[in-house]
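Q: Structure file query-v5.csv, CSV, C-alpha atoms, is pasted below:
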```csv
chain,number,residue,atom,x,y,z
W,1,MET,CA,47.5,73.6,120.3
W,2,ASN,CA,45.8,77.0,120.1
W,3,GLY,CA,46.2,79.5,117.3
W,4,SER,CA,48.6,81.7,119.3
W,5,ALA,CA,50.8,78.8,120.2
W,6,LEU,CA,50.7,77.6,116.6
W,7,ARG,CA,51.7,81.0,115.2
W,8,SER,CA,54.6,81.2,117.7
W,9,SER,CA,55.8,77.7,116.8
W,10,TRP,CA,55.6,78.6,113.1
W,11,LEU,CA,57.6,81.8,113.6
W,12,VAL,CA,60.3,79.9,115.6
W,13,CYS,CA,60.6,77.3,112.7
W,14,ALA,CA,60.7,80.1,110.1
W,15,SER,CA,63.4,82.0,112.0
W,16,ALA,CA,65.4,78.8,112.2
W,17,VAL,CA,65.1,78.1,108.5
W,18,VAL,CA,66.1,81.7,107.7
W,19,GLY,CA,69.1,81.4,110.0
W,20,LEU,CA,70.2,78.2,108.3
W,21,VAL,CA,69.9,79.7,104.8
W,22,ALA,CA,71.8,82.8,105.9
W,23,ALA,CA,74.5,80.6,107.4
W,24,ALA,CA,74.8,78.6,104.1
W,25,VAL,CA,74.9,81.7,101.9
W,26,ALA,CA,77.3,83.7,104.0
W,27,PRO,CA,80.4,81.7,103.2
W,28,ALA,CA,79.6,82.0,99.4
W,29,ARG,CA,79.3,85.7,99.7
W,30,ALA,CA,82.5,86.0,101.7
W,31,GLU,CA,84.3,83.5,99.5
W,32,THR,CA,87.9,84.6,99.0
W,33,TYR,CA,88.9,85.0,95.3
W,34,PRO,CA,89.9,82.8,93.6
W,35,ALA,CA,88.2,79.7,95.0
W,36,ARG,CA,88.5,77.6,91.8
W,37,THR,CA,90.3,77.4,88.5
W,38,VAL,CA,90.8,80.6,86.5
W,39,THR,CA,91.0,80.5,82.7
W,40,ILE,CA,93.3,82.9,80.9
W,41,ILE,CA,92.3,83.2,77.2
W,42,THR,CA,94.9,84.3,74.6
W,43,PRO,CA,94.2,85.5,71.1
W,44,PHE,CA,97.0,83.6,69.4
W,45,ALA,CA,98.1,80.0,69.0
W,46,ALA,CA,100.4,78.0,71.2
W,47,GLY,CA,104.0,78.9,70.7
W,48,SER,CA,103.2,82.5,70.1
W,49,GLN,CA,104.7,85.3,72.1
W,50,THR,CA,101.4,86.1,73.8
W,51,ASP,CA,100.9,82.4,74.6
W,52,ALA,CA,104.4,82.2,76.2
W,53,ALA,CA,103.7,85.2,78.3
W,54,ALA,CA,100.3,83.9,79.4
W,55,ARG,CA,101.8,80.6,80.5
W,56,LEU,CA,104.6,82.2,82.4
W,57,ILE,CA,102.3,84.7,84.1
W,58,GLY,CA,99.7,82.0,84.8
W,59,GLN,CA,102.3,79.8,86.5
W,60,TYR,CA,103.3,82.6,88.9
W,61,LEU,CA,99.7,83.6,89.6
W,62,GLN,CA,98.9,80.0,90.4
W,63,GLU,CA,101.7,80.0,93.0
W,64,GLU,CA,100.7,83.4,94.3
W,65,LEU,CA,96.9,82.9,94.6
W,66,GLY,CA,96.8,79.1,95.3
W,67,GLN,CA,94.4,78.1,92.5
W,68,PRO,CA,95.0,76.6,89.0
W,69,PHE,CA,95.4,79.1,86.2
W,70,VAL,CA,94.9,77.4,82.8
W,71,ILE,CA,95.7,78.8,79.4
W,72,GLU,CA,93.2,78.6,76.5
W,73,ASN,CA,94.2,79.6,73.0
W,74,LYS,CA,91.5,81.0,70.8
W,75,ALA,CA,93.4,82.0,67.7
W,76,GLY,CA,91.9,83.6,64.6
W,77,ALA,CA,90.3,86.7,63.2
W,78,GLY,CA,93.1,88.9,64.4
W,79,GLY,CA,92.2,88.2,68.1
W,80,LEU,CA,88.5,89.0,67.7
W,81,ILE,CA,87.4,85.5,68.7
W,82,ALA,CA,89.3,85.5,72.0
W,83,ALA,CA,88.5,89.1,73.0
W,84,ASN,CA,84.8,88.6,72.2
W,85,THR,CA,84.7,85.4,74.3
W,86,VAL,CA,86.0,87.3,77.3
W,87,ALA,CA,83.9,90.3,76.7
W,88,ARG,CA,80.8,88.1,76.9
W,89,ALA,CA,82.0,86.0,79.8
W,90,LYS,CA,80.5,86.1,83.3
W,91,PRO,CA,82.2,89.0,85.1
W,92,ASP,CA,83.4,87.0,88.1
W,93,GLY,CA,87.1,87.0,87.5
W,94,TYR,CA,87.3,83.4,86.4
W,95,THR,CA,87.7,84.2,82.7
W,96,LEU,CA,90.5,86.6,81.8
W,97,LEU,CA,92.1,87.9,78.6
W,98,LEU,CA,95.9,88.2,78.2
W,99,THR,CA,96.3,90.0,75.0
W,100,THR,CA,98.3,92.6,73.0
W,101,ASN,CA,97.4,95.8,71.2
W,102,SER,CA,96.0,93.5,68.4
W,103,THR,CA,92.6,93.0,70.1
W,104,HIS,CA,92.3,96.7,71.2
W,105,SER,CA,93.4,98.3,67.9
W,106,ALA,CA,91.0,96.0,65.9
W,107,ILE,CA,88.5,98.8,65.4
W,108,ALA,CA,91.1,100.5,63.1
W,109,LEU,CA,91.7,97.3,61.1
W,110,PHE,CA,88.3,95.6,60.7
W,111,LYS,CA,85.0,96.9,59.4
W,112,SER,CA,83.1,95.1,62.1
W,113,VAL,CA,84.3,94.4,65.7
W,114,PRO,CA,81.8,92.5,68.0
W,115,TYR,CA,83.0,94.2,71.2
W,116,ASP,CA,83.9,97.7,72.4
W,117,PRO,CA,87.6,97.6,73.4
W,118,ILE,CA,87.0,100.1,76.2
W,119,LYS,CA,83.5,99.6,77.5
W,120,ASP,CA,83.5,95.8,77.4
W,121,PHE,CA,86.6,95.2,79.6
W,122,SER,CA,88.0,95.9,83.1
W,123,PRO,CA,91.7,96.5,82.8
W,124,ILE,CA,93.8,94.6,85.4
W,125,ALA,CA,97.4,95.3,84.6
W,126,ARG,CA,99.9,96.1,81.8
W,127,ILE,CA,102.2,93.2,81.5
W,128,GLY,CA,105.0,94.5,79.3
W,129,ASP,CA,106.3,95.3,75.9
W,130,PHE,CA,106.7,93.1,72.8
W,131,HIS,CA,109.6,93.9,70.4
W,132,SER,CA,109.6,92.9,66.8
W,133,PHE,CA,111.8,93.1,63.7
W,134,VAL,CA,111.5,92.9,59.9
W,135,ALA,CA,112.7,89.5,58.7
W,136,VAL,CA,113.3,88.0,55.3
W,137,ASN,CA,113.9,84.5,54.0
W,138,VAL,CA,117.6,83.8,53.7
W,139,ASN,CA,117.3,82.8,50.1
W,140,VAL,CA,116.0,86.1,48.8
W,141,PRO,CA,118.7,88.5,47.5
W,142,ILE,CA,117.9,91.1,50.2
W,143,ALA,CA,120.2,92.2,53.0
W,144,SER,CA,118.9,95.6,54.0
W,145,MET,CA,115.7,97.6,54.0
W,146,ALA,CA,117.0,99.7,51.1
W,147,GLU,CA,117.5,96.5,49.1
W,148,LEU,CA,114.0,95.3,50.1
W,149,VAL,CA,112.4,98.4,48.7
W,150,ALA,CA,114.5,98.4,45.6
W,151,TYR,CA,113.7,94.7,44.9
W,152,ALA,CA,110.0,95.2,45.5
W,153,LYS,CA,109.9,98.2,43.1
W,154,THR,CA,111.7,96.2,40.5
W,155,ASN,CA,109.5,93.1,41.0
W,156,PRO,CA,106.0,94.5,41.9
W,157,GLY,CA,103.6,92.0,43.4
W,158,LYS,CA,106.3,89.2,43.5
W,159,LEU,CA,107.1,89.6,47.2
W,160,SER,CA,104.6,88.5,49.9
W,161,TYR,CA,104.7,89.2,53.6
W,162,GLY,CA,103.1,87.2,56.4
W,163,VAL,CA,100.9,88.7,59.1
W,164,GLY,CA,100.2,86.9,62.3
W,165,ASN,CA,99.1,89.9,64.4
W,166,SER,CA,98.1,93.6,64.1
W,167,THR,CA,101.7,94.9,64.6
W,168,GLY,CA,102.8,93.0,61.5
W,169,GLN,CA,99.9,94.3,59.5
W,170,ILE,CA,100.3,97.9,60.6
W,171,VAL,CA,104.0,97.9,59.9
W,172,GLY,CA,103.7,96.1,56.6
W,173,GLU,CA,101.0,98.4,55.3
W,174,THR,CA,102.7,101.5,56.5
W,175,LEU,CA,105.9,100.3,54.8
W,176,LYS,CA,104.0,99.9,51.5
W,177,LYS,CA,102.4,103.3,51.8
W,178,ARG,CA,105.5,105.2,52.8
W,179,THR,CA,107.8,103.6,50.2
W,180,GLY,CA,105.3,103.0,47.4
W,181,ILE,CA,106.1,99.3,47.0
W,182,ASP,CA,103.7,96.5,45.9
W,183,VAL,CA,104.0,93.6,48.4
W,184,VAL,CA,101.2,91.0,48.8
W,185,ARG,CA,99.8,90.5,52.4
W,186,VAL,CA,99.2,86.9,53.5
W,187,SER,CA,97.2,86.6,56.8
W,188,TYR,CA,97.9,83.8,59.4
W,189,ARG,CA,96.3,82.8,62.7
W,190,SER,CA,99.5,83.5,64.6
W,191,ASN,CA,103.2,84.4,64.1
W,192,PRO,CA,104.6,80.8,64.5
W,193,THR,CA,102.6,79.6,61.5
W,194,ALA,CA,103.8,82.6,59.4
W,195,MET,CA,107.4,82.0,60.5
W,196,ALA,CA,107.2,78.4,59.3
W,197,ASP,CA,106.1,79.6,55.9
W,198,LEU,CA,108.9,82.2,55.9
W,199,ILE,CA,111.6,79.6,56.6
W,200,ALA,CA,110.0,77.3,53.9
W,201,GLY,CA,110.0,80.2,51.4
W,202,HIS,CA,106.3,80.3,50.9
W,203,ILE,CA,106.5,84.0,51.9
W,204,GLN,CA,109.5,86.2,51.7
W,205,VAL,CA,109.0,88.8,54.5
W,206,MET,CA,107.3,89.1,57.9
W,207,ILE,CA,107.5,91.1,61.1
W,208,PRO,CA,108.0,88.5,63.9
W,209,ASP,CA,108.1,89.3,67.6
W,210,PHE,CA,111.3,88.4,69.4
W,211,THR,CA,109.9,85.2,70.9
W,212,THR,CA,109.1,83.8,67.5
W,213,GLY,CA,111.9,85.4,65.5
W,214,LEU,CA,115.1,85.4,67.6
W,215,PRO,CA,115.6,81.6,67.7
W,216,GLN,CA,115.2,81.4,63.9
W,217,LEU,CA,117.5,84.4,63.4
W,218,ARG,CA,120.2,82.8,65.7
W,219,ALA,CA,119.8,79.5,63.8
W,220,GLN,CA,120.5,81.6,60.6
W,221,LYS,CA,117.1,80.5,59.1
W,222,VAL,CA,116.0,84.1,58.6
W,223,ARG,CA,117.7,87.4,58.1
W,224,ALA,CA,116.9,90.6,60.2
W,225,LEU,CA,116.7,93.9,58.3
W,226,ALA,CA,115.4,96.3,60.9
W,227,VAL,CA,113.8,96.7,64.3
W,228,LEU,CA,110.6,98.7,64.8
W,229,THR,CA,111.6,101.0,67.7
W,230,LYS,CA,113.4,104.3,67.1
W,231,GLU,CA,116.4,103.1,69.2
W,232,ARG,CA,118.3,99.9,68.4
W,233,ASN,CA,117.7,96.9,70.6
W,234,ARG,CA,120.6,95.6,72.7
W,235,LEU,CA,119.8,92.0,71.6
W,236,LEU,CA,120.3,93.1,68.0
W,237,PRO,CA,122.9,95.9,68.2
W,238,ASP,CA,123.9,95.5,64.6
W,239,VAL,CA,120.4,95.6,63.2
W,240,PRO,CA,119.3,99.2,62.2
W,241,THR,CA,115.9,100.7,62.9
W,242,LEU,CA,113.2,101.5,60.3
W,243,ASP,CA,113.8,105.2,61.3
W,244,GLU,CA,117.5,104.9,60.3
W,245,THR,CA,116.7,103.3,57.0
W,246,VAL,CA,113.6,103.7,54.8
W,247,MET,CA,111.0,105.1,57.3
W,248,PRO,CA,112.2,108.3,59.1
W,249,ASN,CA,110.5,109.0,62.4
W,250,PHE,CA,108.9,105.6,62.5
W,251,ASP,CA,108.7,104.1,66.1
W,252,THR,CA,106.3,101.5,67.3
W,253,LEU,CA,106.2,99.0,70.2
W,254,ALA,CA,103.5,96.5,71.0
W,255,TRP,CA,102.2,96.1,74.5
W,256,SER,CA,100.6,93.3,76.4
W,257,GLY,CA,98.0,93.5,79.2
W,258,MET,CA,95.5,91.5,81.2
W,259,PHE,CA,91.8,92.2,81.2
W,260,ALA,CA,88.6,90.9,82.8
W,261,PRO,CA,85.0,91.4,81.5
W,262,ALA,CA,83.4,94.7,82.2
W,263,ASN,CA,81.6,94.9,85.6
W,264,THR,CA,83.9,92.4,87.3
W,265,PRO,CA,83.8,93.3,91.0
W,266,PRO,CA,86.4,95.8,92.0
W,267,GLU,CA,87.7,93.6,94.8
W,268,VAL,CA,88.4,90.8,92.3
W,269,VAL,CA,90.1,93.2,89.9
W,270,ASN,CA,92.2,94.6,92.7
W,271,ALA,CA,93.2,91.1,93.9
W,272,LEU,CA,94.3,90.2,90.4
W,273,ALA,CA,96.1,93.5,89.9
W,274,ASN,CA,98.0,93.1,93.2
W,275,ALA,CA,99.0,89.6,92.4
W,276,VAL,CA,100.2,90.5,88.9
W,277,ARG,CA,102.1,93.4,90.3
W,278,LYS,CA,104.0,91.0,92.7
W,279,VAL,CA,104.6,88.6,89.8
W,280,LEU,CA,106.1,91.3,87.6
W,281,GLU,CA,108.6,92.1,90.4
W,282,THR,CA,110.1,88.6,90.3
W,283,PRO,CA,113.6,88.5,88.6
W,284,GLU,CA,112.6,86.1,85.8
W,285,ILE,CA,109.5,88.2,84.8
W,286,ARG,CA,111.3,91.5,85.1
W,287,ALA,CA,114.0,90.2,82.8
W,288,ARG,CA,111.5,89.2,80.1
W,289,PHE,CA,109.0,92.1,80.3
W,290,THR,CA,111.0,95.2,81.0
W,291,GLY,CA,113.8,97.2,79.3
W,292,PRO,CA,114.7,97.7,75.7
W,293,ALA,CA,115.1,94.0,74.9
W,294,SER,CA,112.0,92.7,76.7
W,295,MET,CA,110.5,89.5,75.2
```
What do you get writing this file as structure tokens?

A:
Amino acid sequence: MNGSALRSSWLVCASAVVGLVAAAVAPARAETYPARTVTIITPFAAGSQTDAAARLIGQYLQEELGQPFVIENKAGAGGLIAANTVARAKPDGYTLLLTTNSTHSAIALFKSVPYDPIKDFSPIARIGDFHSFVAVNVNVPIASMAELVAYAKTNPGKLSYGVGNSTGQIVGETLKKRTGIDVVRVSYRSNPTAMADLIAGHIQVMIPDFTTGLPQLRAQKVRALAVLTKERNRLLPDVPTLDETVMPNFDTLAWSGMFAPANTPPEVVNALANAVRKVLETPEIRARFTGPASM
């Protein structure tokens, strides 16, 4: 075979190899998201309000997108562990964060936060609102916010309150500052653990979310003193607000949302956002995540 024929043969073979490689790569590039299991990381323990929301949303997303959505709990450090895990994950849409304001208000509560709550995440969707209330152990002689403040002033340092998320910490510390009471803060990895200690009497006060607190309230294992929003909640119509009692003009409501790592492809973010939007329109989800009594 002469040189010219050899070169022609080599070019034909090379072209064939390139074609085969391109054919093999093309499907991967055109792969429809999601093509495998998606992990949703939550910053609180199993049984928490955020965990319950993640499992419910994940179930519907699995049905909507046709791939498994598994929930992974990374509790601790006020949500920093979970948020940092997602912030450092590969930005391909297969590691997501379903969180609350806890992880994104951390810069106001901690001296050192290992991620940037804005730059390190691609927002996907707001999920809904999380309502909470001030609760006390049923054995303490306190039946109102006024009585709580009076008791704490008479017994400085003898009451303790449990904190399982940033909302509890912010409300508790604001209450201390606004009323001048001395109450000891006890930190927990999540609200369910704090609630267990509240019922047992190891702590006397906490600010549970509705998912954690309402079952215990209905079972008469805790007593509700006030809700955090400026308007009363229709699930607790007889429970006053902090604004009505000892903290005029106080009004706060926790939010929940889903995030991906920064630089996740826009088409992946859009696919997730559209799916979440459809999920939030289902009757069961709407009932739990919208309105004055959501979650």

Q: Could you give me, as JSON, numbers by chain, the residues within 9 Å of Asp197 of chain W, counting all atoms listed in the file and dropping anything in the same chain fewer than 6 positions from it?

A: {"W": [162, 203, 204]}

Q: State, in Å with one decimal place, the distance from atom CA of Ile41 of chain W to atom CA of Ile107 of chain W.

A: 19.9 Å

Q: Restricting the calculation to all atoms listed in the file: of W:Gly47, W:Pro283, W:Gly157, W:Pro248, which residue gets closest to Thr212 of chain W?

A: W:Gly47

Q: In Å, rounded to a single decimal, give me how far atom CA of Asn270 of chain W is from atom CA of Gln62 of chain W.

A: 16.2 Å

Q: Take atom CA of Ala45 of chain W and atom CA of Tyr188 of chain W and report the distance between them in Å, one decimal.

A: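 Computing the Euclidean distance for atom CA of Ala45 of chain W and atom CA of Tyr188 of chain W yields 10.3 Å.
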
Q: Return the single residue from W:Val138, W:Gln67, W:Gln59, W:Ala52 that is closest to Thr37 of chain W, with distances computed using all atoms listed in the file.

A: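 Among the listed residues, W:Gln67 lies closest to Thr37 of chain W.
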
Q: Give me the residues near segment 85-90 of chain W as a ChimeraX atom specification, where near means some atom within 8 Å (using only C-alpha atoms) and where sequence neighbours in that chain fewer than 6 positions away do not count.

A: /W:41,96-97,115,120-121,260-262

Q: Which residues are near Ala46 of chain W? Cut-off 12 Å, only C-alpha atoms, ignore same chain within fewer than 6 positions. Put them as a list in words.

A: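 What passes the distance filter is Ala52, Ala53, Ala54, Arg55, Ile71, Glu72, Asn73, Lys74, Ala75, Arg189, Ser190, Asn191, Pro192, Thr193, Thr211 and Thr212 of chain W.
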
Q: Kindly extract all protein, DNA and RNA residues lying within 12 Å of the coordinates (122.1, 92.4, 70.4) given in the file, considering all atoms listed in the file, and supply them as a PyMOL selection string.

A: chain W and resi 210+214+217-218+224+227+232-240+292-294

Q: Around (113.8, 104.8, 57.7) in the file's own coordinates, what residues are found within 12 Å if you use only C-alpha atoms, given back as a ChimeraX atom specification?

A: /W:144-146,149,174-175,178-179,225-231,240-251

Q: For Val268 of chain W, which residue among W:Tyr151, W:Phe69, W:Phe130, W:Tyr94 is the nearest when counting all atoms listed in the file?

A: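 Closest to Val268 of chain W of all the choices is W:Tyr94.
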
Q: With all atoms listed in the file as the basis for distance, which of W:Ser166, W:Thr154, W:Asn263, W:Asn84 is at the shortest distance from Asn101 of chain W?

A: W:Ser166

Q: Taking only C-alpha atoms into account, name the residue in W:Pro68, W:Gly168, W:Pro123, W:Pro156 that is nearest to Val186 of chain W.

A: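 For Val186 of chain W, the nearest of the candidates is W:Gly168.
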
Q: Nearest to Tyr161 of chain W: which of W:Leu198, W:Lys221, W:Leu148, W:Gly180 is it, counting all atoms listed in the file?

A: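 Selected residue with least distance to Tyr161 of chain W: W:Leu198.
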